[in-house]
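Colleague: Provided herewith: coords_23.cif, mmCIF, N, CA and C atoms.
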data_my_file
loop_
_atom_site.label_atom_id
_atom_site.label_comp_id
_atom_site.auth_asym_id
_atom_site.auth_seq_id
_atom_site.Cartn_x
_atom_site.Cartn_y
_atom_site.Cartn_z
N MET S 99 -2.34 -6.95 -9.52
CA MET S 99 -2.24 -8.36 -9.78
C MET S 99 -0.83 -8.86 -9.49
N LEU S 100 0.16 -8.07 -9.88
CA LEU S 100 1.54 -8.46 -9.61
C LEU S 100 1.79 -8.58 -8.11
N LEU S 101 1.25 -7.64 -7.34
CA LEU S 101 1.42 -7.69 -5.90
C LEU S 101 0.83 -8.97 -5.33
N LEU S 102 -0.32 -9.37 -5.83
CA LEU S 102 -0.96 -10.60 -5.38
C LEU S 102 -0.07 -11.80 -5.68
N CYS S 103 0.53 -11.85 -6.85
CA CYS S 103 1.42 -12.95 -7.21
C CYS S 103 2.64 -13.00 -6.31
N VAL S 104 3.19 -11.84 -5.97
CA VAL S 104 4.35 -11.79 -5.09
C VAL S 104 3.99 -12.33 -3.72
N VAL S 105 2.83 -11.94 -3.20
CA VAL S 105 2.41 -12.39 -1.88
C VAL S 105 2.19 -13.90 -1.87
N ILE S 106 1.55 -14.42 -2.90
CA ILE S 106 1.32 -15.86 -2.97
C ILE S 106 2.65 -16.61 -3.01
N CYS S 107 3.58 -16.15 -3.81
CA CYS S 107 4.90 -16.79 -3.88
C CYS S 107 5.60 -16.74 -2.54
N LEU S 108 5.56 -15.60 -1.87
CA LEU S 108 6.21 -15.49 -0.57
C LEU S 108 5.55 -16.39 0.46
N ARG S 109 4.24 -16.50 0.41
CA ARG S 109 3.55 -17.39 1.34
C ARG S 109 3.99 -18.83 1.14
N LEU S 110 4.18 -19.22 -0.10
CA LEU S 110 4.62 -20.58 -0.39
C LEU S 110 6.06 -20.81 0.04
N LEU S 111 6.89 -19.80 -0.07
CA LEU S 111 8.32 -19.94 0.24
C LEU S 111 8.63 -19.94 1.73
N VAL S 112 7.84 -19.24 2.53
CA VAL S 112 8.21 -19.04 3.92
C VAL S 112 7.57 -20.01 4.89
N VAL S 113 6.83 -20.97 4.42
CA VAL S 113 6.12 -21.86 5.33
C VAL S 113 7.06 -22.54 6.30
N GLY S 114 8.17 -23.09 5.84
CA GLY S 114 9.07 -23.79 6.74
C GLY S 114 10.43 -23.14 6.85
N GLY S 115 10.51 -21.84 6.67
CA GLY S 115 11.80 -21.15 6.62
C GLY S 115 12.58 -21.20 7.92
N GLY S 116 13.89 -21.05 7.81
CA GLY S 116 14.77 -21.05 8.97
C GLY S 116 14.92 -19.67 9.56
N ASP S 117 16.01 -19.45 10.29
CA ASP S 117 16.22 -18.19 10.99
C ASP S 117 16.28 -16.98 10.06
N GLY S 118 16.95 -17.11 8.92
CA GLY S 118 17.10 -15.98 8.02
C GLY S 118 15.98 -15.84 7.01
N ALA S 119 14.99 -16.72 7.05
CA ALA S 119 13.92 -16.70 6.04
C ALA S 119 12.97 -15.53 6.28
N THR S 120 12.45 -15.03 5.19
CA THR S 120 11.43 -13.98 5.27
C THR S 120 10.13 -14.60 5.74
N LYS S 121 9.48 -13.93 6.66
CA LYS S 121 8.20 -14.40 7.20
C LYS S 121 7.13 -13.38 6.83
N ILE S 122 5.89 -13.81 6.87
CA ILE S 122 4.79 -12.91 6.54
C ILE S 122 4.81 -11.67 7.44
N GLY S 123 5.22 -11.82 8.68
CA GLY S 123 5.30 -10.69 9.59
C GLY S 123 6.34 -9.65 9.19
N ASP S 124 7.21 -10.00 8.24
CA ASP S 124 8.23 -9.07 7.76
C ASP S 124 7.71 -8.17 6.65
N LEU S 125 6.47 -8.40 6.21
CA LEU S 125 5.93 -7.70 5.04
C LEU S 125 4.94 -6.62 5.42
N VAL S 126 4.96 -5.55 4.66
CA VAL S 126 3.92 -4.52 4.68
C VAL S 126 3.62 -4.19 3.22
N ALA S 127 2.54 -3.50 2.97
CA ALA S 127 2.16 -3.16 1.59
C ALA S 127 1.81 -1.69 1.50
N ALA S 128 2.10 -1.11 0.34
CA ALA S 128 1.73 0.27 0.01
C ALA S 128 0.95 0.23 -1.30
N ILE S 129 -0.26 0.78 -1.28
CA ILE S 129 -1.11 0.74 -2.46
C ILE S 129 -1.62 2.15 -2.77
N PRO S 130 -1.19 2.74 -3.88
CA PRO S 130 -1.79 4.00 -4.30
C PRO S 130 -3.09 3.71 -5.05
N THR S 131 -4.09 4.52 -4.83
CA THR S 131 -5.37 4.31 -5.51
C THR S 131 -6.07 5.65 -5.69
N CYS S 132 -7.28 5.60 -6.20
CA CYS S 132 -8.04 6.83 -6.39
C CYS S 132 -9.51 6.56 -6.10
N GLU S 133 -10.24 7.64 -6.01
CA GLU S 133 -11.67 7.55 -5.72
C GLU S 133 -12.35 6.69 -6.78
N GLY S 134 -13.22 5.82 -6.33
CA GLY S 134 -13.95 4.94 -7.23
C GLY S 134 -13.36 3.54 -7.32
N ARG S 135 -12.18 3.35 -6.75
CA ARG S 135 -11.53 2.04 -6.81
C ARG S 135 -11.54 1.33 -5.45
N GLU S 136 -12.40 1.79 -4.55
CA GLU S 136 -12.47 1.21 -3.21
C GLU S 136 -12.89 -0.26 -3.24
N THR S 137 -13.72 -0.63 -4.22
CA THR S 137 -14.16 -2.03 -4.28
C THR S 137 -13.00 -2.97 -4.60
N ILE S 138 -12.01 -2.50 -5.35
CA ILE S 138 -10.82 -3.31 -5.63
C ILE S 138 -10.05 -3.53 -4.33
N LEU S 139 -9.93 -2.49 -3.52
CA LEU S 139 -9.24 -2.63 -2.23
C LEU S 139 -9.97 -3.61 -1.33
N GLU S 140 -11.28 -3.51 -1.30
CA GLU S 140 -12.05 -4.45 -0.48
C GLU S 140 -11.85 -5.88 -0.95
N GLY S 141 -11.75 -6.08 -2.25
CA GLY S 141 -11.54 -7.41 -2.79
C GLY S 141 -10.17 -7.98 -2.45
N SER S 142 -9.18 -7.11 -2.28
CA SER S 142 -7.83 -7.59 -1.97
C SER S 142 -7.65 -7.86 -0.49
N ARG S 143 -8.64 -7.56 0.32
CA ARG S 143 -8.52 -7.83 1.76
C ARG S 143 -8.41 -9.32 2.05
N ALA S 144 -8.90 -10.14 1.18
CA ALA S 144 -8.87 -11.59 1.41
C ALA S 144 -7.44 -12.07 1.62
N TRP S 145 -6.49 -11.56 0.87
CA TRP S 145 -5.10 -12.01 1.04
C TRP S 145 -4.29 -11.09 1.94
N ARG S 146 -4.75 -9.84 2.14
CA ARG S 146 -4.00 -8.92 3.01
C ARG S 146 -4.40 -9.05 4.46
N SER S 147 -5.61 -9.49 4.73
CA SER S 147 -6.13 -9.44 6.10
C SER S 147 -6.59 -10.79 6.62
N SER S 148 -5.95 -11.86 6.19
CA SER S 148 -6.34 -13.16 6.71
C SER S 148 -6.09 -13.17 8.22
N SER S 149 -6.87 -13.92 8.93
CA SER S 149 -6.78 -13.89 10.39
C SER S 149 -5.42 -14.34 10.91
N ASP S 150 -4.76 -15.25 10.21
CA ASP S 150 -3.48 -15.76 10.68
C ASP S 150 -2.31 -14.83 10.35
N HIS S 151 -2.32 -14.24 9.16
CA HIS S 151 -1.16 -13.48 8.70
C HIS S 151 -1.60 -12.18 8.04
N ALA S 152 -2.06 -11.23 8.82
CA ALA S 152 -2.47 -9.95 8.25
C ALA S 152 -1.24 -9.14 7.87
N ILE S 153 -1.31 -8.52 6.71
CA ILE S 153 -0.23 -7.67 6.22
C ILE S 153 -0.65 -6.22 6.41
N PRO S 154 0.05 -5.45 7.26
CA PRO S 154 -0.29 -4.04 7.41
C PRO S 154 -0.19 -3.34 6.05
N THR S 155 -1.21 -2.57 5.71
CA THR S 155 -1.30 -1.97 4.39
C THR S 155 -1.54 -0.47 4.50
N PHE S 156 -0.74 0.30 3.77
CA PHE S 156 -0.91 1.74 3.68
C PHE S 156 -1.56 2.04 2.33
N ILE S 157 -2.63 2.82 2.35
CA ILE S 157 -3.37 3.15 1.13
C ILE S 157 -3.40 4.66 0.96
N ALA S 158 -2.78 5.14 -0.13
CA ALA S 158 -2.81 6.56 -0.46
C ALA S 158 -3.91 6.77 -1.49
N THR S 159 -4.85 7.64 -1.18
CA THR S 159 -6.00 7.86 -2.06
C THR S 159 -6.26 9.35 -2.21
N ASN S 160 -7.01 9.71 -3.25
CA ASN S 160 -7.36 11.12 -3.43
C ASN S 160 -8.72 11.44 -2.82
N SER S 161 -9.40 10.45 -2.28
CA SER S 161 -10.70 10.70 -1.67
C SER S 161 -10.55 10.78 -0.16
N SER S 162 -11.49 11.43 0.47
CA SER S 162 -11.49 11.45 1.93
C SER S 162 -12.29 10.24 2.38
N VAL S 163 -11.61 9.30 3.00
CA VAL S 163 -12.22 8.03 3.39
C VAL S 163 -12.37 8.01 4.89
N ASP S 164 -13.55 7.58 5.37
CA ASP S 164 -13.74 7.40 6.80
C ASP S 164 -13.15 6.05 7.16
N THR S 165 -12.06 6.08 7.89
CA THR S 165 -11.30 4.85 8.14
C THR S 165 -11.40 4.36 9.57
N ALA S 166 -12.25 4.92 10.37
CA ALA S 166 -12.30 4.54 11.77
C ALA S 166 -12.53 3.03 11.95
N ASP S 167 -13.41 2.45 11.15
CA ASP S 167 -13.72 1.03 11.29
C ASP S 167 -12.68 0.14 10.62
N THR S 168 -12.17 0.54 9.48
CA THR S 168 -11.28 -0.34 8.72
C THR S 168 -9.85 -0.31 9.23
N GLN S 169 -9.44 0.77 9.86
CA GLN S 169 -8.03 0.91 10.22
C GLN S 169 -7.55 -0.24 11.10
N TRP S 170 -8.24 -0.56 12.14
CA TRP S 170 -7.75 -1.59 13.06
C TRP S 170 -8.27 -2.97 12.69
N THR S 171 -9.46 -3.07 12.13
CA THR S 171 -10.02 -4.37 11.77
C THR S 171 -9.19 -5.05 10.69
N HIS S 172 -8.77 -4.31 9.70
CA HIS S 172 -8.06 -4.89 8.55
C HIS S 172 -6.59 -4.47 8.48
N LYS S 173 -6.07 -3.82 9.50
CA LYS S 173 -4.69 -3.32 9.51
C LYS S 173 -4.42 -2.45 8.29
N GLU S 174 -5.36 -1.57 7.99
CA GLU S 174 -5.22 -0.63 6.87
C GLU S 174 -5.05 0.78 7.41
N PHE S 175 -4.17 1.52 6.77
CA PHE S 175 -3.94 2.90 7.13
C PHE S 175 -4.13 3.74 5.87
N TYR S 176 -5.06 4.68 5.91
CA TYR S 176 -5.36 5.51 4.76
C TYR S 176 -4.78 6.90 4.94
N GLN S 177 -4.38 7.49 3.82
CA GLN S 177 -3.98 8.90 3.83
C GLN S 177 -4.49 9.52 2.54
N SER S 178 -5.14 10.66 2.68
CA SER S 178 -5.61 11.38 1.51
C SER S 178 -4.47 12.22 0.95
N TYR S 179 -4.21 12.06 -0.34
CA TYR S 179 -3.16 12.80 -1.03
C TYR S 179 -3.79 13.28 -2.34
N ALA S 180 -4.11 14.55 -2.41
CA ALA S 180 -4.86 15.10 -3.54
C ALA S 180 -4.10 14.97 -4.85
N ASP S 181 -4.85 14.91 -5.95
CA ASP S 181 -4.24 14.92 -7.28
C ASP S 181 -3.52 16.25 -7.48
N GLU S 182 -2.35 16.16 -8.07
CA GLU S 182 -1.62 17.39 -8.35
C GLU S 182 -2.22 18.08 -9.58
N ARG S 183 -2.04 19.37 -9.60
CA ARG S 183 -2.51 20.12 -10.77
C ARG S 183 -1.60 19.83 -11.94
N GLN S 184 -2.18 19.66 -13.09
CA GLN S 184 -1.37 19.44 -14.29
C GLN S 184 -0.96 20.80 -14.83
N GLN S 185 0.31 21.08 -14.74
CA GLN S 185 0.79 22.36 -15.25
C GLN S 185 2.13 22.13 -15.92
N ALA S 186 2.31 22.80 -17.00
CA ALA S 186 3.56 22.66 -17.74
C ALA S 186 4.60 23.62 -17.15
N TYR S 187 5.84 23.17 -17.10
CA TYR S 187 6.93 24.01 -16.66
C TYR S 187 7.34 24.95 -17.79
N ASP S 188 8.27 25.84 -17.51
CA ASP S 188 8.71 26.82 -18.50
C ASP S 188 9.24 26.17 -19.77
N ASP S 189 9.86 25.00 -19.63
CA ASP S 189 10.41 24.35 -20.82
C ASP S 189 9.38 23.45 -21.53
N GLY S 190 8.14 23.44 -21.03
CA GLY S 190 7.06 22.73 -21.71
C GLY S 190 6.76 21.33 -21.19
N HIS S 191 7.63 20.74 -20.35
CA HIS S 191 7.33 19.40 -19.85
C HIS S 191 6.36 19.48 -18.68
N GLU S 192 5.59 18.43 -18.51
CA GLU S 192 4.62 18.38 -17.42
C GLU S 192 5.19 17.57 -16.27
N HIS S 193 4.66 17.81 -15.10
CA HIS S 193 5.12 17.11 -13.90
C HIS S 193 4.79 15.63 -13.96
N GLY S 194 3.59 15.30 -14.35
CA GLY S 194 3.16 13.91 -14.49
C GLY S 194 2.16 13.80 -15.62
N LYS S 195 2.04 12.63 -16.19
CA LYS S 195 1.12 12.47 -17.30
C LYS S 195 -0.32 12.31 -16.85
N ARG S 196 -0.51 11.73 -15.65
CA ARG S 196 -1.86 11.52 -15.14
C ARG S 196 -1.99 12.15 -13.76
N PRO S 197 -3.22 12.46 -13.35
CA PRO S 197 -3.42 13.15 -12.08
C PRO S 197 -2.86 12.43 -10.85
N GLY S 198 -2.81 11.11 -10.81
CA GLY S 198 -2.34 10.39 -9.63
C GLY S 198 -0.89 9.98 -9.65
N ASP S 199 -0.12 10.46 -10.62
CA ASP S 199 1.27 10.03 -10.73
C ASP S 199 2.10 10.40 -9.50
N MET S 200 1.92 11.58 -8.96
CA MET S 200 2.69 11.98 -7.78
C MET S 200 2.30 11.13 -6.57
N ARG S 201 1.03 10.86 -6.40
CA ARG S 201 0.56 10.03 -5.29
C ARG S 201 1.18 8.63 -5.40
N SER S 202 1.23 8.09 -6.60
CA SER S 202 1.82 6.77 -6.81
C SER S 202 3.31 6.77 -6.47
N ALA S 203 4.01 7.81 -6.87
CA ALA S 203 5.44 7.89 -6.60
C ALA S 203 5.73 8.08 -5.11
N MET S 204 4.88 8.79 -4.42
CA MET S 204 5.10 9.09 -3.01
C MET S 204 4.63 7.98 -2.07
N SER S 205 3.80 7.07 -2.54
CA SER S 205 3.19 6.06 -1.67
C SER S 205 4.18 5.26 -0.83
N PRO S 206 5.27 4.74 -1.39
CA PRO S 206 6.20 3.98 -0.52
C PRO S 206 6.80 4.83 0.60
N PHE S 207 7.08 6.09 0.32
CA PHE S 207 7.67 6.96 1.33
C PHE S 207 6.65 7.37 2.39
N LEU S 208 5.42 7.65 1.96
CA LEU S 208 4.35 7.95 2.90
C LEU S 208 4.05 6.73 3.77
N ALA S 209 4.08 5.55 3.15
CA ALA S 209 3.83 4.31 3.89
C ALA S 209 4.90 4.10 4.96
N HIS S 210 6.15 4.28 4.58
CA HIS S 210 7.24 4.10 5.55
C HIS S 210 7.06 5.04 6.74
N ALA S 211 6.75 6.29 6.47
CA ALA S 211 6.56 7.26 7.55
C ALA S 211 5.42 6.82 8.47
N ARG S 212 4.35 6.31 7.90
CA ARG S 212 3.21 5.88 8.72
C ARG S 212 3.55 4.64 9.54
N PHE S 213 4.25 3.68 8.94
CA PHE S 213 4.61 2.47 9.67
C PHE S 213 5.57 2.79 10.82
N VAL S 214 6.48 3.72 10.62
CA VAL S 214 7.37 4.15 11.69
C VAL S 214 6.56 4.79 12.81
N LYS S 215 5.62 5.64 12.44
CA LYS S 215 4.76 6.31 13.43
C LYS S 215 3.95 5.29 14.23
N GLU S 216 3.47 4.25 13.57
CA GLU S 216 2.66 3.22 14.24
C GLU S 216 3.52 2.15 14.91
N ARG S 217 4.85 2.29 14.82
CA ARG S 217 5.80 1.34 15.40
C ARG S 217 5.65 -0.07 14.82
N ILE S 218 5.42 -0.12 13.52
CA ILE S 218 5.33 -1.39 12.80
C ILE S 218 6.68 -1.63 12.14
N GLU S 219 7.35 -2.69 12.55
CA GLU S 219 8.65 -3.03 11.97
C GLU S 219 8.44 -3.96 10.78
N TYR S 220 9.25 -3.78 9.76
CA TYR S 220 9.14 -4.62 8.57
C TYR S 220 10.48 -4.72 7.88
N LYS S 221 10.60 -5.74 7.03
CA LYS S 221 11.82 -5.91 6.22
C LYS S 221 11.54 -5.62 4.75
N TRP S 222 10.33 -5.90 4.31
CA TRP S 222 9.98 -5.75 2.90
C TRP S 222 8.69 -4.97 2.76
N LEU S 223 8.72 -3.97 1.88
CA LEU S 223 7.54 -3.18 1.56
C LEU S 223 7.09 -3.57 0.15
N LEU S 224 5.93 -4.18 0.05
CA LEU S 224 5.37 -4.54 -1.26
C LEU S 224 4.62 -3.35 -1.81
N TYR S 225 4.87 -3.01 -3.04
CA TYR S 225 4.24 -1.86 -3.67
C TYR S 225 3.41 -2.35 -4.86
N GLY S 226 2.18 -1.96 -4.91
CA GLY S 226 1.34 -2.38 -6.02
C GLY S 226 0.16 -1.48 -6.24
N ARG S 227 -0.34 -1.53 -7.43
CA ARG S 227 -1.51 -0.72 -7.77
C ARG S 227 -2.71 -1.59 -7.91
#
Mind turning the file's structure into structure tokens?
Modeller:
Amino acid sequence: MLLLCVVICLRLLVVGGGDGATKIGDLVAAIPTCEGRETILEGSRAWRSSSDHAIPTFIATNSSVDTADTQWTHKEFYQSYADERQQAYDDGHEHGKRPGDMRSAMSPFLAHARFVKERIEYKWLLYGR
């Protein structure tokens, strides 16, 4: 929801911007998610994939998603990143409290690597769940 609010605010701010203004083309998004939440991603396509100003989006998920159709149609790039095993270290602390914590932490870095590979230039990476 926060990501949606940021995008709406940016859309309102950049309509008549000058040379140094941020434009929609300067934005990309990174969204960590998990299996079973695909319908939420589909619902967010309305603001990420509008015909005039599509925002390239990287989605890190724990499911294996067939992305052949969605990748180019909606400017979405998926990567499967499995849930880490919950194991306590010698001193008793755990790596993460929930199974997807590592995927969430890595999403901006995985997204950057993918956007570089796809030759997508950006100034701002929006991160949201």
Colleague: What residues come out when you apply the PyMOL selection byres ((chain S and resi 196-207) around 6) to this file, written as a ChimeraX atom specification?
Modeller: /S:128,130,181-182,194-195,208-211
Colleague: Could you please determine the separation between atom N of Gly134 (chain S) and atom N of Ala152 (chain S) in Å, to one decimal place?
Modeller: 25.4 Å
Colleague: Can you list what the PyMOL selection byres (((chain S and resi 175 and name CA) around 7) and name CA) grabs from this structure, as a PDB file with N, CA and C atoms, in the frame of the given file?
Modeller:
ATOM      1  N   THR S 155      -1.210  -2.570   5.710  1.00  0.00           N
ATOM      2  CA  THR S 155      -1.300  -1.970   4.390  1.00  0.00           C
ATOM      3  C   THR S 155      -1.540  -0.470   4.500  1.00  0.00           C
ATOM      4  N   PHE S 156      -0.740   0.300   3.770  1.00  0.00           N
ATOM      5  CA  PHE S 156      -0.910   1.740   3.680  1.00  0.00           C
ATOM      6  C   PHE S 156      -1.560   2.040   2.330  1.00  0.00           C
ATOM      7  N   ILE S 157      -2.630   2.820   2.350  1.00  0.00           N
ATOM      8  CA  ILE S 157      -3.370   3.150   1.130  1.00  0.00           C
ATOM      9  C   ILE S 157      -3.400   4.660   0.960  1.00  0.00           C
ATOM     10  N   GLN S 169      -9.440   0.770   9.860  1.00  0.00           N
ATOM     11  CA  GLN S 169      -8.030   0.910  10.220  1.00  0.00           C
ATOM     12  C   GLN S 169      -7.550  -0.240  11.100  1.00  0.00           C
ATOM     13  N   LYS S 173      -6.070  -3.820   9.500  1.00  0.00           N
ATOM     14  CA  LYS S 173      -4.690  -3.320   9.510  1.00  0.00           C
ATOM     15  C   LYS S 173      -4.420  -2.450   8.290  1.00  0.00           C
ATOM     16  N   GLU S 174      -5.360  -1.570   7.990  1.00  0.00           N
ATOM     17  CA  GLU S 174      -5.220  -0.630   6.870  1.00  0.00           C
ATOM     18  C   GLU S 174      -5.050   0.780   7.410  1.00  0.00           C
ATOM     19  N   TYR S 176      -5.060   4.680   5.910  1.00  0.00           N
ATOM     20  CA  TYR S 176      -5.360   5.510   4.760  1.00  0.00           C
ATOM     21  C   TYR S 176      -4.780   6.900   4.940  1.00  0.00           C
ATOM     22  N   GLN S 177      -4.380   7.490   3.820  1.00  0.00           N
ATOM     23  CA  GLN S 177      -3.980   8.900   3.830  1.00  0.00           C
ATOM     24  C   GLN S 177      -4.490   9.520   2.540  1.00  0.00           C
TER      25      GLN S 177
END
Colleague: Expressed in Å to a single decimal, how great is the separation between CA of Glu219 (chain S) and CA of Gly123 (chain S)?
Modeller: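 Distance reported for this atom pair: 8.7 Å.
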Colleague: Quick one, how far is CA of Arg212 (chain S) from atom C of Thr137 (chain S)?
Modeller: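 CA of Arg212 (chain S) sits 22.8 Å away from atom C of Thr137 (chain S).
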